[in-house]
>>> print(open('run20.tsv').read())   # TSV, C-alpha atoms
chain	number	residue	atom	x	y	z
A	1	MET	CA	-211.32	-42.41	-8.78
A	2	ASN	CA	-214.42	-42.07	-6.61
A	3	LYS	CA	-214.36	-41.51	-2.87
A	4	GLU	CA	-215.09	-45.17	-2.01
A	5	GLU	CA	-212.23	-46.44	-4.21
A	6	PHE	CA	-209.94	-43.87	-2.72
A	7	ASN	CA	-210.84	-45.01	0.78
A	8	ILE	CA	-210.22	-48.69	0.14
A	9	ASN	CA	-206.91	-47.93	-1.56
A	10	GLN	CA	-205.93	-45.81	1.39
A	11	GLU	CA	-207.01	-48.63	3.68
A	12	LEU	CA	-204.93	-51.17	1.76
A	13	GLU	CA	-201.92	-48.90	1.82
A	14	GLN	CA	-202.42	-48.56	5.58
A	15	MET	CA	-202.52	-52.37	5.88
A	16	ARG	CA	-199.27	-52.59	3.91
A	17	GLN	CA	-197.69	-50.05	6.22
A	18	ASP	CA	-198.95	-51.91	9.31
A	19	TYR	CA	-197.58	-55.15	7.92
A	20	ALA	CA	-194.17	-53.58	7.25
A	21	ASP	CA	-194.13	-52.28	10.84
A	22	LEU	CA	-195.12	-55.71	12.15
A	23	LYS	CA	-192.26	-57.38	10.27
A	24	ASP	CA	-189.92	-54.70	11.51
A	25	ARG	CA	-190.94	-55.50	15.10
A	26	PHE	CA	-190.43	-59.22	14.53
A	27	ASP	CA	-187.08	-58.57	12.83
A	28	LYS	CA	-185.77	-57.05	16.04
A	29	GLN	CA	-186.62	-60.22	17.97
A	30	GLN	CA	-184.29	-63.16	18.27
A	31	ILE	CA	-187.17	-65.63	17.57
A	32	VAL	CA	-185.04	-68.70	16.79
A	33	ASN	CA	-182.15	-70.02	18.77
A	34	ASP	CA	-179.56	-72.63	17.79
A	35	TYR	CA	-181.31	-75.35	19.80
A	36	LEU	CA	-184.54	-74.93	17.88
A	37	ILE	CA	-182.84	-75.03	14.48
A	38	GLN	CA	-180.74	-78.03	15.54
A	39	LYS	CA	-183.90	-79.76	16.75
A	40	ALA	CA	-185.57	-79.21	13.37
A	41	MET	CA	-182.52	-80.58	11.56
A	42	ASN	CA	-182.46	-83.69	13.73
A	43	SER	CA	-186.19	-84.23	13.61
A	44	ASP	CA	-187.57	-87.20	11.82
A	45	VAL	CA	-191.21	-86.25	11.73
A	46	ARG	CA	-192.58	-87.98	8.67
A	47	ARG	CA	-196.10	-88.79	9.80
A	48	LEU	CA	-197.51	-88.70	6.32
A	49	PHE	CA	-195.09	-91.32	5.11
A	50	LEU	CA	-195.11	-93.40	8.25
A	51	SER	CA	-197.55	-96.06	7.02
A	52	LYS	CA	-195.47	-96.69	3.89
A	53	ARG	CA	-192.33	-97.09	5.95
A	54	THR	CA	-193.98	-99.50	8.38
A	55	VAL	CA	-195.09	-101.88	5.61
A	56	PRO	CA	-191.94	-104.08	5.81
A	57	LEU	CA	-192.37	-104.27	9.58
A	58	GLY	CA	-196.04	-105.17	9.19
A	59	ILE	CA	-195.19	-107.89	6.68
A	60	ALA	CA	-192.59	-109.31	9.08
A	61	VAL	CA	-195.11	-109.39	11.95
A	62	LEU	CA	-197.70	-111.12	9.77
A	63	VAL	CA	-195.20	-113.70	8.54
A	64	VAL	CA	-194.27	-114.48	12.16
A	65	ALA	CA	-197.98	-114.68	13.10
A	66	VAL	CA	-198.76	-117.04	10.21
A	67	VAL	CA	-195.76	-119.28	10.98
A	68	LEU	CA	-196.68	-119.35	14.68
A	69	SER	CA	-200.29	-120.20	13.82
A	70	PHE	CA	-199.13	-123.24	11.89
A	71	VAL	CA	-196.52	-124.26	14.48
A	72	GLN	CA	-199.03	-123.91	17.33
A	73	GLY	CA	-201.54	-125.93	15.33
A	74	TYR	CA	-204.31	-123.30	15.26
A	75	GLU	CA	-207.26	-123.70	12.94
A	76	TRP	CA	-206.39	-123.24	9.24
A	77	TRP	CA	-208.68	-120.23	8.81
A	78	LEU	CA	-206.66	-117.99	11.12
A	79	PRO	CA	-203.46	-117.90	9.04
A	80	VAL	CA	-205.53	-117.86	5.85
A	81	CYS	CA	-207.39	-114.75	7.06
A	82	LEU	CA	-204.08	-113.10	7.92
A	83	ILE	CA	-202.62	-113.93	4.51
A	84	ILE	CA	-205.70	-112.56	2.72
A	85	TYR	CA	-205.45	-109.42	4.85
A	86	ALA	CA	-201.78	-109.01	3.95
A	87	LEU	CA	-202.49	-109.56	0.25
A	88	LEU	CA	-205.18	-106.88	0.29
A	89	PHE	CA	-203.79	-104.35	2.74
A	90	PHE	CA	-200.11	-104.02	1.83
A	91	PRO	CA	-200.61	-103.44	-1.90
A	92	GLY	CA	-203.34	-101.04	-0.75
A	93	VAL	CA	-200.78	-98.98	1.16
A	94	PHE	CA	-198.70	-98.58	-2.02
A	95	TRP	CA	-201.86	-97.63	-3.93
A	96	VAL	CA	-202.60	-94.93	-1.34
A	97	TYR	CA	-199.12	-93.44	-1.77
A	98	LYS	CA	-199.15	-93.70	-5.58
A	99	GLY	CA	-198.08	-90.37	-7.06
A	100	VAL	CA	-197.40	-88.81	-3.65
A	101	ARG	CA	-193.84	-87.52	-3.61
A	102	GLU	CA	-192.37	-86.51	-0.28
A	103	GLU	CA	-190.42	-83.58	-1.82
A	104	GLU	CA	-193.67	-82.15	-3.17
A	105	MET	CA	-195.02	-81.92	0.35
A	106	TYR	CA	-192.09	-79.64	1.18
A	107	ASN	CA	-191.58	-77.78	-2.09
A	108	GLY	CA	-194.78	-77.90	-4.15
A	109	ASP	CA	-197.02	-74.91	-4.74
A	110	VAL	CA	-200.17	-74.62	-2.62
A	111	LEU	CA	-202.65	-75.84	-5.26
A	112	SER	CA	-200.72	-78.91	-6.45
A	113	THR	CA	-199.76	-79.92	-2.91
A	114	THR	CA	-203.39	-79.63	-1.78
A	115	GLU	CA	-204.57	-81.68	-4.77
A	116	THR	CA	-202.01	-84.40	-4.01
A	117	LEU	CA	-202.98	-84.39	-0.36
A	118	ARG	CA	-206.65	-84.66	-1.29
A	119	LYS	CA	-206.05	-87.71	-3.50
A	120	PHE	CA	-203.97	-89.25	-0.74
A	121	LYS	CA	-206.64	-88.71	1.91
A	122	LYS	CA	-209.42	-90.05	-0.32
A	123	ARG	CA	-207.51	-93.28	-0.94
A	124	TYR	CA	-206.57	-93.41	2.72
A	125	ILE	CA	-210.24	-93.36	3.75
A	126	VAL	CA	-210.98	-96.25	1.37
A	127	LEU	CA	-208.06	-98.28	2.73
A	128	VAL	CA	-208.85	-97.64	6.38
A	129	THR	CA	-212.55	-98.36	5.90
A	130	GLY	CA	-211.82	-101.59	4.01
A	131	SER	CA	-209.24	-102.66	6.53
A	132	CYS	CA	-211.51	-102.03	9.51
A	133	LEU	CA	-214.46	-103.76	7.87
A	134	TYR	CA	-212.32	-106.79	7.15
A	135	PHE	CA	-211.07	-106.83	10.73
A	136	PHE	CA	-214.62	-106.39	12.04
A	137	VAL	CA	-215.90	-109.40	10.06
A	138	PHE	CA	-212.87	-111.36	11.20
A	139	VAL	CA	-213.57	-110.59	14.87
A	140	VAL	CA	-217.26	-111.49	14.55
A	141	LEU	CA	-216.49	-114.80	12.84
A	142	ALA	CA	-213.73	-115.59	15.34
A	143	THR	CA	-216.11	-114.87	18.23
A	144	ILE	CA	-218.83	-117.08	16.78
A	145	TYR	CA	-216.29	-119.84	16.22
A	146	MET	CA	-214.92	-119.61	19.76
A	147	ILE	CA	-218.42	-119.68	21.20
A	148	SER	CA	-219.07	-122.83	19.20
A	149	LEU	CA	-216.14	-124.41	21.04
A	150	ASN	CA	-218.03	-123.92	24.31
A	151	ILE	CA	-215.12	-122.23	26.09
A	152	SER	CA	-216.53	-119.81	28.68
A	153	THR	CA	-219.16	-118.43	26.33
A	154	GLU	CA	-219.96	-115.25	28.24
A	155	LEU	CA	-216.35	-114.14	28.44
A	156	MET	CA	-215.84	-114.81	24.75
A	157	TRP	CA	-218.91	-112.73	23.87
A	158	ARG	CA	-217.70	-109.89	26.05
A	159	ARG	CA	-214.27	-109.92	24.45
A	160	GLY	CA	-215.72	-110.16	20.96
A	161	ILE	CA	-218.08	-107.26	21.51
A	162	PHE	CA	-215.32	-105.18	23.12
A	163	ILE	CA	-213.01	-105.71	20.14
A	164	ALA	CA	-215.83	-105.02	17.68
A	165	ILE	CA	-216.69	-101.73	19.43
A	166	LEU	CA	-213.02	-100.77	19.47
A	167	CYS	CA	-212.86	-101.53	15.78
A	168	VAL	CA	-215.92	-99.43	14.92
A	169	ALA	CA	-214.67	-96.57	17.12
A	170	THR	CA	-211.28	-96.57	15.38
A	171	LEU	CA	-212.97	-96.63	11.99
A	172	THR	CA	-215.23	-93.72	12.91
A	173	LEU	CA	-212.38	-91.62	14.29
A	174	GLU	CA	-210.16	-92.23	11.26
A	175	TYR	CA	-213.06	-91.51	8.94
A	176	VAL	CA	-214.05	-88.27	10.65
A	177	TYR	CA	-210.44	-87.06	10.81
A	178	ALA	CA	-209.72	-87.85	7.16
A	179	LYS	CA	-213.06	-86.43	6.05
A	180	ARG	CA	-212.32	-83.13	7.80
A	181	LEU	CA	-208.95	-82.88	6.07
A	182	LEU	CA	-210.58	-83.75	2.76
A	183	LYS	CA	-213.10	-80.96	3.21
A	184	SER	CA	-210.39	-78.45	3.98
A	185	CYS	CA	-208.48	-79.57	0.84
A	186	ASP	CA	-211.67	-79.20	-1.23
A	187	ASP	CA	-212.19	-75.68	0.10
A	188	ILE	CA	-208.64	-74.64	-0.85
A	189	ILE	CA	-208.96	-76.16	-4.35
A	190	ASP	CA	-212.38	-74.55	-4.91
A	191	ARG	CA	-211.07	-71.18	-3.83
A	192	LEU	CA	-208.05	-71.31	-6.12
A	193	GLN	CA	-209.65	-72.87	-9.18
A	194	ILE	CA	-211.82	-69.93	-10.13
A	195	LYS	CA	-212.85	-69.93	-13.80
A	196	GLU	CA	-210.59	-67.44	-15.50
B	1	MET	CA	-172.05	-78.30	12.06
B	2	ASP	CA	-171.35	-79.03	8.38
B	3	ASN	CA	-171.65	-76.51	5.52
B	4	LYS	CA	-175.21	-77.49	4.70
B	5	GLU	CA	-176.32	-77.06	8.30
B	6	GLN	CA	-174.56	-73.72	8.57
B	7	ALA	CA	-176.17	-72.47	5.38
B	8	PHE	CA	-179.59	-73.61	6.61
B	9	THR	CA	-179.10	-71.91	9.98
B	10	GLN	CA	-178.15	-68.69	8.20
B	11	LEU	CA	-181.20	-68.96	5.94
B	12	VAL	CA	-183.55	-69.42	8.90
B	13	ARG	CA	-182.05	-66.44	10.72
B	14	GLU	CA	-182.42	-64.25	7.64
B	15	HIS	CA	-186.07	-65.15	7.10
B	16	LYS	CA	-187.23	-65.64	10.69
B	17	SER	CA	-189.55	-62.63	10.65
B	18	THR	CA	-191.18	-63.76	7.40
B	19	ILE	CA	-191.89	-67.21	8.83
B	20	TYR	CA	-193.06	-65.73	12.13
B	21	SER	CA	-195.40	-63.28	10.38
B	22	VAL	CA	-197.03	-66.08	8.39
B	23	CYS	CA	-197.45	-68.16	11.56
B	24	TYR	CA	-198.96	-65.17	13.36
B	25	MET	CA	-201.57	-64.55	10.67
B	26	PHE	CA	-202.69	-68.20	10.81
B	27	SER	CA	-202.66	-68.67	14.59
B	28	LYS	CA	-204.89	-67.86	17.52
B	29	ASP	CA	-202.27	-67.84	20.28
B	30	THR	CA	-198.53	-67.94	20.85
B	31	ASP	CA	-198.51	-71.70	21.50
B	32	GLU	CA	-199.96	-72.25	18.06
B	33	ILE	CA	-197.30	-69.94	16.58
B	34	ASP	CA	-194.59	-72.00	18.33
B	35	ASP	CA	-196.03	-75.23	16.92
B	36	LEU	CA	-196.40	-73.92	13.39
B	37	PHE	CA	-192.96	-72.32	13.44
B	38	GLN	CA	-191.34	-75.61	14.45
B	39	GLU	CA	-193.30	-77.56	11.86
B	40	ILE	CA	-192.25	-75.09	9.14
B	41	LEU	CA	-188.59	-75.34	10.17
B	42	ILE	CA	-188.76	-79.13	9.90
B	43	ARG	CA	-190.37	-78.96	6.47
B	44	LEU	CA	-187.82	-76.39	5.30
B	45	TRP	CA	-185.01	-78.67	6.39
B	46	LYS	CA	-186.59	-81.73	4.75
B	47	GLY	CA	-187.04	-79.86	1.51
B	48	TYR	CA	-183.72	-78.03	1.65
B	49	ASP	CA	-181.90	-80.39	-0.74
B	50	SER	CA	-184.52	-80.15	-3.44
B	51	PHE	CA	-184.81	-76.38	-3.00
B	52	ARG	CA	-181.19	-75.71	-3.77
B	53	ALA	CA	-181.86	-76.47	-7.43
B	54	GLU	CA	-184.47	-73.72	-7.48
B	55	SER	CA	-183.84	-70.02	-7.75
B	56	ASP	CA	-185.84	-67.83	-5.40
B	57	VAL	CA	-185.48	-68.56	-1.71
B	58	ARG	CA	-188.29	-66.23	-0.67
B	59	THR	CA	-190.81	-67.96	-2.95
B	60	TRP	CA	-189.76	-71.34	-1.57
B	61	ILE	CA	-190.07	-70.25	2.06
B	62	TYR	CA	-193.57	-68.90	1.42
B	63	ARG	CA	-194.57	-72.13	-0.34
B	64	VAL	CA	-193.45	-74.27	2.56
B	65	ALA	CA	-194.89	-71.95	5.22
B	66	LEU	CA	-198.27	-71.51	3.54
B	67	ASN	CA	-198.60	-75.21	2.72
B	68	CYS	CA	-197.93	-75.90	6.36
B	69	CYS	CA	-200.44	-73.32	7.62
B	70	LEU	CA	-203.18	-74.22	5.13
B	71	ASN	CA	-202.87	-77.98	5.21
B	72	ALA	CA	-201.71	-78.61	8.75
B	73	ASP	CA	-204.17	-80.12	11.13
B	74	LYS	CA	-203.70	-77.69	13.98
B	75	LYS	CA	-205.86	-79.65	16.37
B	76	LYS	CA	-203.49	-82.54	16.06
B	77	ARG	CA	-200.61	-81.10	18.02
B	78	ARG	CA	-197.13	-82.21	17.12
B	79	GLY	CA	-195.79	-84.85	19.42
B	80	GLY	CA	-192.68	-84.17	21.45
B	81	GLU	CA	-191.35	-81.14	23.20
B	82	ARG	CA	-192.62	-77.66	22.32
B	83	VAL	CA	-189.74	-75.19	22.26
B	84	PRO	CA	-190.92	-71.64	23.02
B	85	LEU	CA	-189.62	-69.04	20.58
B	86	SER	CA	-187.42	-66.21	21.83
B	87	VAL	CA	-189.85	-63.34	21.38
B	88	ASP	CA	-190.39	-60.74	24.09
B	89	ILE	CA	-193.51	-59.28	22.54
B	90	ASP	CA	-196.90	-60.93	22.53
B	91	PRO	CA	-198.79	-59.88	19.41
B	92	PHE	CA	-202.01	-61.21	20.94
B	93	GLU	CA	-201.77	-59.63	24.38
B	94	ASP	CA	-199.64	-56.45	24.22
B	95	THR	CA	-201.56	-53.21	24.45
B	96	ASN	CA	-199.17	-50.44	23.42
B	97	ASP	CA	-199.85	-48.32	20.30
B	98	ARG	CA	-197.84	-50.44	17.89
B	99	ALA	CA	-199.43	-53.59	19.24
B	100	LEU	CA	-202.88	-52.12	18.68
B	101	GLN	CA	-201.91	-51.31	15.12
B	102	THR	CA	-200.80	-54.95	14.73
B	103	LYS	CA	-204.05	-56.22	16.21
B	104	ARG	CA	-206.06	-54.06	13.83
B	105	LEU	CA	-204.22	-55.61	10.89
B	106	TYR	CA	-204.66	-59.10	12.34
B	107	ALA	CA	-208.40	-58.55	12.84
B	108	ARG	CA	-208.89	-57.38	9.26
B	109	ILE	CA	-206.94	-60.26	7.75
B	110	ASN	CA	-208.61	-62.80	10.00
B	111	LYS	CA	-212.02	-61.88	8.63
B	112	LEU	CA	-210.90	-63.55	5.41
B	113	GLY	CA	-210.88	-67.26	4.65
B	114	LEU	CA	-207.61	-69.21	4.82
B	115	VAL	CA	-206.77	-69.05	1.10
B	116	ASP	CA	-207.66	-65.36	0.84
B	117	ARG	CA	-205.55	-64.71	3.91
B	118	ALA	CA	-202.59	-66.38	2.22
B	119	ILE	CA	-203.00	-64.35	-0.98
B	120	ILE	CA	-203.41	-60.99	0.77
B	121	LEU	CA	-200.41	-61.78	2.97
B	122	LEU	CA	-198.25	-62.27	-0.13
B	123	TRP	CA	-199.62	-59.04	-1.57
B	124	LEU	CA	-198.86	-57.15	1.66
B	125	GLU	CA	-195.35	-58.57	1.52
B	126	GLY	CA	-194.98	-56.77	-1.80
B	127	LEU	CA	-194.56	-59.86	-3.96
B	128	SER	CA	-195.28	-59.55	-7.67
B	129	TYR	CA	-198.30	-61.25	-9.25
B	130	GLU	CA	-195.90	-63.72	-10.90
B	131	GLU	CA	-194.40	-64.63	-7.53
B	132	ILE	CA	-197.82	-64.97	-5.88
B	133	GLY	CA	-198.93	-67.20	-8.77
B	134	ALA	CA	-195.83	-69.39	-8.42
B	135	ILE	CA	-196.41	-69.83	-4.69
B	136	MET	CA	-200.14	-70.55	-4.94
B	137	GLY	CA	-199.92	-72.58	-8.17
B	138	ILE	CA	-202.27	-70.32	-10.15
B	139	SER	CA	-201.90	-68.07	-13.19
B	140	VAL	CA	-201.11	-64.35	-13.05
B	141	LYS	CA	-204.61	-63.64	-14.40
B	142	ASN	CA	-206.12	-65.70	-11.59
B	143	VAL	CA	-203.98	-63.84	-9.02
B	144	SER	CA	-205.31	-60.56	-10.33
B	145	PHE	CA	-208.88	-61.89	-10.17
B	146	GLN	CA	-208.43	-63.24	-6.65
B	147	LEU	CA	-206.88	-60.03	-5.36
B	148	HIS	CA	-209.68	-57.96	-6.85
B	149	ARG	CA	-212.24	-60.21	-5.15
B	150	ILE	CA	-210.41	-60.08	-1.80
B	151	LYS	CA	-210.17	-56.30	-1.93
B	152	GLU	CA	-213.91	-56.16	-2.58
B	153	GLU	CA	-214.45	-58.39	0.45
B	154	LEU	CA	-212.26	-56.16	2.58
B	155	LYS	CA	-214.20	-53.17	1.37
B	156	LYS	CA	-217.51	-54.83	2.30
B	157	SER	CA	-216.22	-55.82	5.72
B	158	HIS	CA	-215.13	-52.23	6.29
B	159	LEU	CA	-218.53	-50.76	5.44
>>> encode(input="run20.tsv", output="structure tokens")
Amino acid sequence: MNKEEFNINQELEQMRQDYADLKDRFDKQQIVNDYLIQKAMNSDVRRLFLSKRTVPLGIAVLVVAVVLSFVQGYEWWLPVCLIIYALLFFPGVFWVYKGVREEEMYNGDVLSTTETLRKFKKRYIVLVTGSCLYFFVFVVLATIYMISLNISTELMWRRGIFIAILCVATLTLEYVYAKRLLKSCDDIIDRLQIKE
Amino acid sequence: MDNKEQAFTQLVREHKSTIYSVCYMFSKDTDEIDDLFQEILIRLWKGYDSFRAESDVRTWIYRVALNCCLNADKKKRRGGERVPLSVDIDPFEDTNDRALQTKRLYARINKLGLVDRAIILLWLEGLSYEEIGAIMGISVKNVSFQLHRIKEELKKSHL
């Protein structure tokens, strides 16, 4: 063993010793109290699976909106647009969650969990982008239509542009957020999948 | 509290320092440790039923904790109340001898990337290559390769 190897081994042993001391220090601390554990047990944080769980609620809202559109005698294209949206978006949500098991998020090994998360995020970006684009086109067409009705044109334009900007901003934020997570997943996978 | 809740409480108390150490190595301040610790507890509880069919509790805790630290979006703070942990030492601020020793370890590990940090942490913990492989989802041969590479990196950073 040369001097350099000896030094790094000594250094690693020192790190192990430091780590053991650190854990020993933490062991002497209370760290968790009953309230914190109870809070974790009562928590219902399931952000990742939130969209899937809200699908029935979303369908209910859309059904009510479509029925109301007909009852109120709105133009035919409004409920039709909503129905098309529902037919595209809700199956899309199930496609996004295909193969994603909640237990795996809690129990899976690092590589498989990261791979699953990556697939999920990739599909999520597609769904969000598609959904926002659809909504954007819908808003533009609705604005043009309302202007054609000659009802306070300027106000309608303002509202239309405001909603369109909101839509693009939401799309951009969602895209940037998901893209960042995707990159971090890619980094983890690249690091672990070294050619053996 | 039912039996399951009691068993979970006991498990958390037994492994609190392991969870805290992982959080520490992946955090920049005590608030971040508090957040990660709470998130890990929630994930442990959610996965508790499916874990009980498995064998090694330590492997499972590391899986959950590392998945949380590697894949969590730390900038997106958890909603709701943050409960401070009952710790009367501040590993980031204390200045006594032992704290300096801790900071030196933290500084060395923090020079590494996230995945390398996770692997070296498991190695420091004294886990076998098989256990590290099971936690990370890679083969024993790959663990050996990764550890060799990380040690080389540590050596370079020391020079």
>>> interface_residues(input="run20.tsv", of="chain B", to="chain A", cutoff="8 Å", atoms="all atoms listed in the file", output="ChimeraX atom specification")
/B:5,9,12-13,16-18,20-21,38,41-47,50-51,60,63-64,66-67,71,73,83,85-88,101-102,105,114-115,124-125,134-138,141-142,145,151,155
>>> atom_distance(input="run20.tsv", atom1="CA of Glu93 in chain B", atom2="CA of Glu32 in chain B")
14.2 Å
>>> residues_around(input="run20.tsv", residues="range 77-83 of chain A", least_positions_apart="5", cutoff="8 Å", atoms="all atoms listed in the file", output="PDB file with C-alpha atoms, keeping the file's coordinate frame")
ATOM      1  CA  LEU A  62    -197.700-111.120   9.770  1.00  0.00           C
ATOM      2  CA  ALA A  65    -197.980-114.680  13.100  1.00  0.00           C
ATOM      3  CA  VAL A  66    -198.760-117.040  10.210  1.00  0.00           C
ATOM      4  CA  SER A  69    -200.290-120.200  13.820  1.00  0.00           C
ATOM      5  CA  PHE A  70    -199.130-123.240  11.890  1.00  0.00           C
ATOM      6  CA  PHE A 138    -212.870-111.360  11.200  1.00  0.00           C
TER       7      PHE A 138
END
>>> atom_distance(input="run20.tsv", atom1="CA of Arg104 in chain B", atom2="CA of Met25 in chain B")
11.8 Å
>>> atom_distance(input="run20.tsv", atom1="CA of Ala65 in chain B", atom2="CA of Ile40 in chain B")
5.7 Å
>>> residues_around(input="run20.tsv", residues="Ser157 in chain B", least_positions_apart="6", cutoff="12 Å", atoms="only C-alpha atoms", output="compact mmCIF listing (two decimals) with C-alpha atoms, in the frame of the given file")
# COMPACT_ATOMS: atom_id res chain seq x y z
CA ILE A 8 -210.22 -48.69 0.14
CA GLU A 11 -207.01 -48.63 3.68
CA ALA B 107 -208.40 -58.55 12.84
CA ARG B 108 -208.89 -57.38 9.26
CA ILE B 109 -206.94 -60.26 7.75
CA ASN B 110 -208.61 -62.80 10.00
CA LYS B 111 -212.02 -61.88 8.63
CA LEU B 112 -210.90 -63.55 5.41
CA ILE B 150 -210.41 -60.08 -1.80
CA LYS B 151 -210.17 -56.30 -1.93
>>> closest_residue(input="run20.tsv", among="B:Val57, B:Leu11, B:Ile89, B:Met1", to="Thr30 in chain B", atoms="only C-alpha atoms")
B:Ile89
>>> residues_around(input="run20.tsv", residues="Pro91 in chain B", least_positions_apart="5", cutoff="9 Å", atoms="all atoms listed in the file", output="ChimeraX atom specification")
/B:24,29-30,99-100,102-103
>>> build_atoms(input="run20.tsv", residues="range 110-127 of chain B", atoms="N, CA and C atoms", output="PDB file, in the frame of the given file")
ATOM      1  N   ASN B 110    -207.944 -61.608   9.489  1.00  0.00           N
ATOM      2  CA  ASN B 110    -208.610 -62.800  10.000  1.00  0.00           C
ATOM      3  C   ASN B 110    -210.090 -62.896   9.653  1.00  0.00           C
ATOM      4  N   LYS B 111    -210.630 -61.814   9.099  1.00  0.00           N
ATOM      5  CA  LYS B 111    -212.020 -61.880   8.630  1.00  0.00           C
ATOM      6  C   LYS B 111    -212.081 -62.694   7.344  1.00  0.00           C
ATOM      7  N   LEU B 112    -210.935 -62.833   6.687  1.00  0.00           N
ATOM      8  CA  LEU B 112    -210.900 -63.550   5.410  1.00  0.00           C
ATOM      9  C   LEU B 112    -210.736 -65.046   5.631  1.00  0.00           C
ATOM     10  N   GLY B 113    -211.099 -65.820   4.598  1.00  0.00           N
ATOM     11  CA  GLY B 113    -210.880 -67.260   4.650  1.00  0.00           C
ATOM     12  C   GLY B 113    -209.397 -67.576   4.550  1.00  0.00           C
ATOM     13  N   LEU B 114    -209.029 -68.832   4.773  1.00  0.00           N
ATOM     14  CA  LEU B 114    -207.610 -69.210   4.820  1.00  0.00           C
ATOM     15  C   LEU B 114    -206.861 -68.893   3.520  1.00  0.00           C
ATOM     16  N   VAL B 115    -207.453 -69.258   2.386  1.00  0.00           N
ATOM     17  CA  VAL B 115    -206.770 -69.050   1.100  1.00  0.00           C
ATOM     18  C   VAL B 115    -206.632 -67.558   0.814  1.00  0.00           C
ATOM     19  N   ASP B 116    -207.705 -66.810   1.071  1.00  0.00           N
ATOM     20  CA  ASP B 116    -207.660 -65.360   0.840  1.00  0.00           C
ATOM     21  C   ASP B 116    -206.621 -64.695   1.746  1.00  0.00           C
ATOM     22  N   ARG B 117    -206.530 -65.229   2.954  1.00  0.00           N
ATOM     23  CA  ARG B 117    -205.550 -64.710   3.910  1.00  0.00           C
ATOM     24  C   ARG B 117    -204.129 -64.903   3.367  1.00  0.00           C
ATOM     25  N   ALA B 118    -203.912 -66.083   2.776  1.00  0.00           N
ATOM     26  CA  ALA B 118    -202.590 -66.380   2.220  1.00  0.00           C
ATOM     27  C   ALA B 118    -202.263 -65.427   1.072  1.00  0.00           C
ATOM     28  N   ILE B 119    -203.244 -65.201   0.198  1.00  0.00           N
ATOM     29  CA  ILE B 119    -203.000 -64.350  -0.980  1.00  0.00           C
ATOM     30  C   ILE B 119    -202.757 -62.894  -0.560  1.00  0.00           C
ATOM     31  N   ILE B 120    -203.572 -62.407   0.362  1.00  0.00           N
ATOM     32  CA  ILE B 120    -203.410 -60.990   0.770  1.00  0.00           C
ATOM     33  C   ILE B 120    -202.088 -60.806   1.525  1.00  0.00           C
ATOM     34  N   LEU B 121    -201.689 -61.829   2.250  1.00  0.00           N
ATOM     35  CA  LEU B 121    -200.410 -61.780   2.970  1.00  0.00           C
ATOM     36  C   LEU B 121    -199.245 -61.615   1.981  1.00  0.00           C
ATOM     37  N   LEU B 122    -199.303 -62.357   0.894  1.00  0.00           N
ATOM     38  CA  LEU B 122    -198.250 -62.270  -0.130  1.00  0.00           C
ATOM     39  C   LEU B 122    -198.287 -60.893  -0.799  1.00  0.00           C
ATOM     40  N   TRP B 123    -199.489 -60.367  -0.963  1.00  0.00           N
ATOM     41  CA  TRP B 123    -199.620 -59.040  -1.570  1.00  0.00           C
ATOM     42  C   TRP B 123    -199.056 -57.969  -0.611  1.00  0.00           C
ATOM     43  N   LEU B 124    -199.382 -58.109   0.671  1.00  0.00           N
ATOM     44  CA  LEU B 124    -198.860 -57.150   1.660  1.00  0.00           C
ATOM     45  C   LEU B 124    -197.340 -57.188   1.722  1.00  0.00           C
ATOM     46  N   GLU B 125    -196.807 -58.373   1.494  1.00  0.00           N
ATOM     47  CA  GLU B 125    -195.350 -58.570   1.520  1.00  0.00           C
ATOM     48  C   GLU B 125    -194.686 -57.867   0.340  1.00  0.00           C
ATOM     49  N   GLY B 126    -195.508 -57.481  -0.637  1.00  0.00           N
ATOM     50  CA  GLY B 126    -194.980 -56.770  -1.800  1.00  0.00           C
ATOM     51  C   GLY B 126    -194.499 -57.685  -2.905  1.00  0.00           C
ATOM     52  N   LEU B 127    -194.963 -58.932  -2.908  1.00  0.00           N
ATOM     53  CA  LEU B 127    -194.560 -59.860  -3.960  1.00  0.00           C
ATOM     54  C   LEU B 127    -195.300 -59.528  -5.263  1.00  0.00           C
TER      55      LEU B 127
END
